[in-house]
$ cat target_4.txt   # compact mmCIF, C-alpha atoms
# COMPACT_ATOMS: atom_id res chain seq x y z
CA HIS L 16 0.00 0.00 0.00
CA PHE L 17 1.37 3.41 -1.01
CA VAL L 18 0.40 6.95 -0.18
CA GLU L 19 1.83 9.56 -2.53
CA SER L 20 2.02 13.21 -1.53
CA GLY L 21 3.84 16.45 -2.25
CA GLY L 22 2.26 17.44 -5.54
CA GLY L 23 0.89 20.87 -6.31
CA LEU L 24 0.96 23.83 -8.63
CA VAL L 25 4.38 25.27 -9.43
CA GLN L 26 5.72 27.71 -11.98
CA PRO L 27 8.14 26.57 -14.67
CA GLY L 28 11.63 26.37 -13.23
CA GLY L 29 10.31 25.60 -9.77
CA SER L 30 10.82 22.54 -7.57
CA LEU L 31 8.73 19.98 -5.75
CA ARG L 32 9.58 16.96 -3.64
CA LEU L 33 7.20 14.05 -3.85
CA SER L 34 6.94 11.45 -1.10
CA CYS L 35 5.68 7.90 -1.23
CA ALA L 36 5.07 6.22 2.12
CA ALA L 37 4.85 2.44 1.99
CA SER L 38 2.95 0.41 4.53
CA GLY L 39 2.49 -3.30 5.04
CA PHE L 40 5.96 -4.21 3.83
CA THR L 41 9.51 -2.89 3.96
CA LEU L 42 11.14 -1.41 0.89
CA ASN L 43 14.64 -2.72 1.55
CA TYR L 44 14.56 -5.55 -0.98
CA TYR L 45 12.24 -4.00 -3.53
CA THR L 46 12.84 -2.27 -6.79
CA ILE L 47 11.05 1.05 -6.38
CA GLY L 48 10.00 3.58 -8.92
CA TRP L 49 8.10 6.69 -9.79
CA PHE L 50 5.73 6.77 -12.73
CA ARG L 51 3.53 9.47 -14.19
CA GLN L 52 0.50 9.76 -16.39
CA ALA L 53 -0.52 12.91 -18.20
CA PRO L 54 -4.05 13.38 -19.57
CA GLY L 55 -4.54 11.38 -22.73
CA LYS L 56 -1.18 9.68 -22.46
CA GLU L 57 0.04 6.31 -21.28
CA ARG L 58 1.70 5.92 -17.92
CA GLU L 59 5.48 6.26 -18.23
CA GLY L 60 8.39 5.35 -16.02
CA VAL L 61 10.14 8.38 -14.58
CA SER L 62 12.79 6.86 -12.35
CA CYS L 63 13.54 3.50 -10.75
CA MET L 64 16.15 2.13 -8.40
CA SER L 65 16.92 -1.49 -7.59
CA PRO L 66 18.84 -3.14 -4.73
CA ALA L 67 20.41 -5.49 -7.29
CA ASP L 68 21.59 -2.85 -9.75
CA PRO L 69 23.76 0.04 -8.60
CA SER L 70 22.65 2.21 -11.49
CA ILE L 71 19.50 4.30 -11.33
CA TYR L 72 17.13 4.65 -14.23
CA TYR L 73 15.85 8.05 -15.27
CA ALA L 74 13.72 8.78 -18.28
CA ASP L 75 15.61 10.93 -20.76
CA SER L 76 13.08 13.71 -20.28
CA VAL L 77 13.95 14.10 -16.58
CA LYS L 78 17.68 13.34 -16.48
CA GLY L 79 19.61 16.03 -14.65
CA ARG L 80 16.42 17.48 -13.15
CA PHE L 81 14.87 14.71 -11.03
CA THR L 82 16.45 12.67 -8.24
CA ILE L 83 15.01 9.53 -6.67
CA SER L 84 15.96 8.56 -3.13
CA LYS L 85 14.83 6.29 -0.35
CA ASP L 86 14.76 6.48 3.45
CA ASN L 87 14.65 2.92 4.75
CA ALA L 88 14.03 4.05 8.32
CA LYS L 89 10.90 5.89 7.21
CA ASN L 90 10.00 3.29 4.57
CA THR L 91 9.52 6.18 2.20
CA VAL L 92 10.61 6.97 -1.34
CA TYR L 93 11.17 10.49 -2.59
CA LEU L 94 11.35 12.21 -5.95
CA GLN L 95 13.07 15.58 -5.94
CA MET L 96 11.98 17.48 -9.02
CA ASP L 97 13.90 20.60 -10.02
CA ASN L 98 13.66 22.93 -13.01
CA LEU L 99 10.13 21.74 -13.65
CA LYS L 100 8.65 22.16 -17.10
CA PRO L 101 5.02 22.33 -18.24
CA GLU L 102 5.46 18.91 -19.86
CA ASP L 103 6.08 17.46 -16.37
CA THR L 104 2.41 18.05 -15.56
CA ALA L 105 0.90 14.67 -14.67
CA VAL L 106 -0.32 12.49 -11.86
CA TYR L 107 2.68 10.85 -10.24
CA TYR L 108 2.57 7.36 -8.77
CA CYS L 109 5.01 5.09 -7.02
CA ALA L 110 5.37 1.34 -7.27
CA ALA L 111 7.56 -1.41 -5.91
CA ALA L 112 8.27 -4.99 -6.87
CA VAL L 113 10.73 -7.78 -6.20
CA PHE L 114 12.69 -9.07 -9.14
CA GLY L 115 14.82 -12.18 -9.43
CA GLY L 116 17.25 -12.83 -12.22
CA SER L 117 19.45 -10.20 -13.82
CA LEU L 118 17.16 -7.65 -15.38
CA SER L 119 18.59 -4.15 -15.59
CA VAL L 120 16.88 -1.50 -13.51
CA GLN L 121 15.63 0.09 -16.74
CA ARG L 122 14.03 -3.18 -17.77
CA GLN L 123 12.57 -3.66 -14.27
CA CYS L 124 11.05 -0.21 -14.53
CA ALA L 125 9.48 -1.10 -17.85
CA VAL L 126 8.03 -4.31 -16.42
CA MET L 127 6.53 -2.51 -13.43
CA ARG L 128 4.93 0.08 -15.68
CA VAL L 129 2.97 -2.68 -17.37
CA ASP L 130 2.52 -5.36 -14.71
CA PHE L 131 2.13 -3.47 -11.41
CA ASN L 132 -1.54 -3.56 -10.43
CA SER L 133 -1.72 -1.87 -7.02
CA TRP L 134 -1.48 1.76 -8.06
CA GLY L 135 -2.41 4.30 -5.42
CA HIS L 136 -4.26 7.55 -5.97
CA GLY L 137 -1.10 9.36 -7.01
CA THR L 138 -0.29 13.01 -6.49
CA GLN L 139 -1.07 15.70 -9.05
CA VAL L 140 1.74 17.92 -10.30
CA ASN L 141 0.83 20.98 -12.34
CA VAL L 142 3.54 23.13 -13.87
CA SER L 143 2.14 26.35 -15.23
CA SER L 144 2.75 30.05 -15.22
$ encode --input "target_4.txt" --output "structure tokens"
Amino acid sequence: HFVESGGGLVQPGGSLRLSCAASGFTLNYYTIGWFRQAPGKEREGVSCMSPADPSIYYADSVKGRFTISKDNAKNTVYLQMDNLKPEDTAVYYCAAAVFGGSLSVQRQCAVMRVDFNSWGHGTQVNVSS
């Protein structure tokens, strides 16, 4: 179970930090990720991190602007979003899954985008002047 928060209305160039509090399980061994869905568009993977892969996946559209992090003590995942653009407007969701094998974190992110079926309500981010 996830509860996303931290969204809001921000001007272009502004920043927001999204939070995703997990309950009912601990995140330590999970691949975690942030996803977003804009009106009329498919859900897309924004960023994912895996305990089995030291690299972190970021969509090309957010590289250098967004940072994913995790606080194991709080069982919470964060997404720091800087230099926001109008095209970042979307509902943002988090997800987590356990993967075996040797899939890259990018591939794990792609699998979660399609196969994860416990999406929360998300948090709305609006970037507009």
$ closest_atom_pairs --input "target_4.txt" --of "range 97-120 of chain L" --to "range 74-91 of chain L" --cutoff "10 Å" --atoms "only C-alpha atoms" --output "CSV"
residue,atom,partner,partner_atom,distance
L:Asp97,CA,L:Arg80,CA,5.1
L:Asn98,CA,L:Arg80,CA,6.1
L:Leu99,CA,L:Arg80,CA,7.6
L:Lys100,CA,L:Val77,CA,9.7
L:Glu102,CA,L:Ser76,CA,9.2
L:Asp103,CA,L:Val77,CA,8.6
$ residues_around --input "target_4.txt" --residues "Arg58 in chain L" --least-positions-apart "5" --cutoff "12 Å" --atoms "only C-alpha atoms" --output "number ranges by chain"
L: 49-53, 105-109, 124-125, 127-131, 134, 137
$ residues_around --input "target_4.txt" --residues "Gln121 in chain L" --least-positions-apart "6" --cutoff "10 Å" --atoms "only C-alpha atoms" --output "MDAnalysis selection string"
chainID L and resid 60 62:65 68 70:74
$ atom_distance --input "target_4.txt" --atom1 "CA of Ser38 in chain L" --atom2 "CA of Ser133 in chain L"
12.7 Å
$ closest_residue --input "target_4.txt" --among "L:Thr41, L:Gly135, L:Arg122, L:Gln95" --to "His16 in chain L" --atoms "only C-alpha atoms"
L:Gly135
$ atom_distance --input "target_4.txt" --atom1 "CA of Gly115 in chain L" --atom2 "CA of Pro66 in chain L"
11.0 Å
$ atom_distance --input "target_4.txt" --atom1 "CA of Leu33 in chain L" --atom2 "CA of Gly48 in chain L"
12.0 Å
$ closest_residue --input "target_4.txt" --among "L:Ala67, L:Leu94, L:Val142, L:Val126" --to "Gly28 in chain L" --atoms "all atoms listed in the file"
L:Val142
$ closest_residue --input "target_4.txt" --among "L:Val18, L:Ile47, L:Val140, L:Met96" --to "Ser34 in chain L" --atoms "all atoms listed in the file"
L:Val18
$ closest_residue --input "target_4.txt" --among "L:Ser143, L:Asn132, L:Gln123, L:Thr104" --to "Pro54 in chain L" --atoms "all atoms listed in the file"
L:Thr104
$ decode --input "target_4.txt" --residues "range 103-119 of chain L" --atoms "N, CA, C and O atoms" --output "JSON list (two decimals), in the first residue's frame"
[["chain", "number", "residue", "atom", "x", "y", "z"],
["L", 103, "ASP", "N", 6.03, 18.34, -17.53],
["L", 103, "ASP", "CA", 6.08, 17.46, -16.37],
["L", 103, "ASP", "C", 4.72, 17.34, -15.69],
["L", 103, "ASP", "O", 4.55, 16.55, -14.75],
["L", 104, "THR", "N", 3.75, 18.11, -16.14],
["L", 104, "THR", "CA", 2.41, 18.05, -15.56],
["L", 104, "THR", "C", 1.82, 16.66, -15.75],
["L", 104, "THR", "O", 1.75, 16.14, -16.87],
["L", 105, "ALA", "N", 1.42, 16.04, -14.65],
["L", 105, "ALA", "CA", 0.90, 14.67, -14.67],
["L", 105, "ALA", "C", 0.51, 14.27, -13.26],
["L", 105, "ALA", "O", 0.81, 14.98, -12.29],
["L", 106, "VAL", "N", -0.14, 13.13, -13.15],
["L", 106, "VAL", "CA", -0.32, 12.49, -11.86],
["L", 106, "VAL", "C", 0.86, 11.54, -11.67],
["L", 106, "VAL", "O", 1.17, 10.74, -12.55],
["L", 107, "TYR", "N", 1.49, 11.64, -10.53],
["L", 107, "TYR", "CA", 2.68, 10.85, -10.24],
["L", 107, "TYR", "C", 2.33, 9.74, -9.26],
["L", 107, "TYR", "O", 1.66, 9.97, -8.24],
["L", 108, "TYR", "N", 2.82, 8.54, -9.56],
["L", 108, "TYR", "CA", 2.57, 7.36, -8.77],
["L", 108, "TYR", "C", 3.87, 6.68, -8.40],
["L", 108, "TYR", "O", 4.86, 6.80, -9.12],
["L", 109, "CYS", "N", 3.85, 5.92, -7.32],
["L", 109, "CYS", "CA", 5.01, 5.09, -7.02],
["L", 109, "CYS", "C", 4.61, 3.62, -7.05],
["L", 109, "CYS", "O", 3.43, 3.28, -6.97],
["L", 110, "ALA", "N", 5.59, 2.78, -7.20],
["L", 110, "ALA", "CA", 5.37, 1.34, -7.27],
["L", 110, "ALA", "C", 6.62, 0.63, -6.77],
["L", 110, "ALA", "O", 7.71, 1.20, -6.75],
["L", 111, "ALA", "N", 6.43, -0.61, -6.38],
["L", 111, "ALA", "CA", 7.56, -1.41, -5.91],
["L", 111, "ALA", "C", 7.31, -2.87, -6.27],
["L", 111, "ALA", "O", 6.17, -3.33, -6.30],
["L", 112, "ALA", "N", 8.38, -3.58, -6.54],
["L", 112, "ALA", "CA", 8.27, -4.99, -6.87],
["L", 112, "ALA", "C", 9.60, -5.67, -6.59],
["L", 112, "ALA", "O", 10.65, -5.03, -6.55],
["L", 113, "VAL", "N", 9.52, -6.98, -6.40],
["L", 113, "VAL", "CA", 10.73, -7.78, -6.20],
["L", 113, "VAL", "C", 11.03, -8.50, -7.49],
["L", 113, "VAL", "O", 10.14, -9.13, -8.09],
["L", 114, "PHE", "N", 12.27, -8.41, -7.91],
["L", 114, "PHE", "CA", 12.69, -9.07, -9.14],
["L", 114, "PHE", "C", 13.79, -10.08, -8.84],
["L", 114, "PHE", "O", 14.71, -9.80, -8.08],
["L", 115, "GLY", "N", 13.72, -11.25, -9.45],
["L", 115, "GLY", "CA", 14.82, -12.18, -9.43],
["L", 115, "GLY", "C", 15.58, -12.04, -10.73],
["L", 115, "GLY", "O", 15.30, -11.16, -11.54],
["L", 116, "GLY", "N", 16.54, -12.86, -10.96],
["L", 116, "GLY", "CA", 17.25, -12.83, -12.22],
["L", 116, "GLY", "C", 18.17, -11.64, -12.34],
["L", 116, "GLY", "O", 18.62, -11.07, -11.35],
["L", 117, "SER", "N", 18.43, -11.22, -13.58],
["L", 117, "SER", "CA", 19.45, -10.20, -13.82],
["L", 117, "SER", "C", 18.94, -9.08, -14.72],
["L", 117, "SER", "O", 19.70, -8.50, -15.48],
["L", 118, "LEU", "N", 17.67, -8.76, -14.60],
["L", 118, "LEU", "CA", 17.16, -7.65, -15.38],
["L", 118, "LEU", "C", 17.80, -6.34, -14.95],
["L", 118, "LEU", "O", 17.99, -6.11, -13.76],
["L", 119, "SER", "N", 18.09, -5.47, -15.92],
["L", 119, "SER", "CA", 18.59, -4.15, -15.59],
["L", 119, "SER", "C", 17.49, -3.35, -14.90],
["L", 119, "SER", "O", 16.30, -3.66, -15.03]]
